[in-house]
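Here is the structure we will look at, set down as structure tokens.
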Amino acid sequence: MTTTTFPPGPKARFPGDLFVRFRSDRIGFLEEMASFGDVSHLSFNNVHFYLLNHPDMIRDLLVTNHRQFIKSRVLHVAEWLLGKGLLTSEGDFHLRQRRLVQ
């Protein structure tokens with residue numbers, strides 16, 4: 001049996017606690033997550049979220065290695081409401097859209 005190790009992050013005191021804390025004070029919650037270090041982690045209903053808190057890591061994610069990452073399932077679901085635009089698109093289509101906006 002393998003054990004997965006996650007970066008540190010806030011722990012829920014009761015079910016839904018992290019969601020309630022995030023909704024009531026988004027900036028404060030993100031500041032709390034950032035206090036755990038360069039990478040912090042939390043999980044809602046077995047979906048894992050990570051906060052990168054170091055400029056080099058953020059650049060690697062958004063610029064250097066952007067093709068290795070996909071947008072969240074939430075944005076894929078939201079595509080029917082928002083359409084296929086800069087926020088919901090990926091890959092070459094996203095690049096084309098971004099250049100049009102720039």
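Within each chain, counting starts at residue 1; across the structure tokens, chains are named A, B, ... in the order shown, with ligands numbered 1 upward in that order.
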
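Residues within 9 Å of region 38-54 of chain A, counting only C-alpha atoms and excluding same-chain residues fewer than 6 positions away, are Phe6, Pro7, Pro8, Gly9, Pro10, Lys11, Gly16, Leu18, Phe19 and Leu30 of chain A.
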
Deliver the residues from the most recent selection as a file, using C-alpha atoms, as a compact mmCIF listing (two decimals), in the first residue's frame.
# COMPACT_ATOMS: atom_id res chain seq x y z
CA PHE A 6 0.79 16.20 0.21
CA PRO A 7 2.31 19.60 0.98
CA PRO A 8 1.11 21.18 4.24
CA GLY A 9 -2.06 23.22 4.32
CA PRO A 10 -5.06 24.18 6.43
CA LYS A 11 -7.01 21.35 8.02
CA GLY A 16 -17.25 21.92 5.00
CA LEU A 18 -12.54 25.00 4.68
CA PHE A 19 -15.26 26.02 2.24
CA LEU A 30 -5.31 32.54 0.94

Each residue of region 20-61 of chain A lying at most 10 Å from region 66-86 of chain A should get a row with its shortest atom-to-atom pair and the distance in Å to one decimal, counting only C-alpha atoms; could you produce that, ordered by chain and increasing number, as a tab-separated table?
residue	atom	partner	partner_atom	distance
A:Arg59	CA	A:His66	CA	9.1
A:Asp60	CA	A:His66	CA	7.5
A:Leu61	CA	A:His66	CA	5.5

For the selection just defined, write its residues with N, CA, C and O atoms to a file, as a PDB file, in the first residue's frame.
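The file below, result38.pdb, is the result:
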ATOM      1  N   ARG A  59       5.914  31.216 -12.432  1.00  0.00           N
ATOM      2  CA  ARG A  59       6.400  31.388 -13.801  1.00  0.00           C
ATOM      3  C   ARG A  59       6.529  30.035 -14.504  1.00  0.00           C
ATOM      4  O   ARG A  59       6.131  29.876 -15.659  1.00  0.00           O
ATOM      5  N   ASP A  60       7.081  29.031 -13.797  1.00  0.00           N
ATOM      6  CA  ASP A  60       7.207  27.695 -14.392  1.00  0.00           C
ATOM      7  C   ASP A  60       5.849  27.132 -14.782  1.00  0.00           C
ATOM      8  O   ASP A  60       5.700  26.526 -15.840  1.00  0.00           O
ATOM      9  N   LEU A  61       4.849  27.338 -13.943  1.00  0.00           N
ATOM     10  CA  LEU A  61       3.513  26.830 -14.228  1.00  0.00           C
ATOM     11  C   LEU A  61       2.848  27.579 -15.378  1.00  0.00           C
ATOM     12  O   LEU A  61       2.332  26.967 -16.313  1.00  0.00           O
TER      13      LEU A  61
END

Can you list, as JSON, numbers by chain, all residues belonging to chain A that DSSP tags as strand (DSSP E or B)?
{"A": [39, 40, 41, 42, 43, 44, 47, 48, 49, 50, 51, 52]}
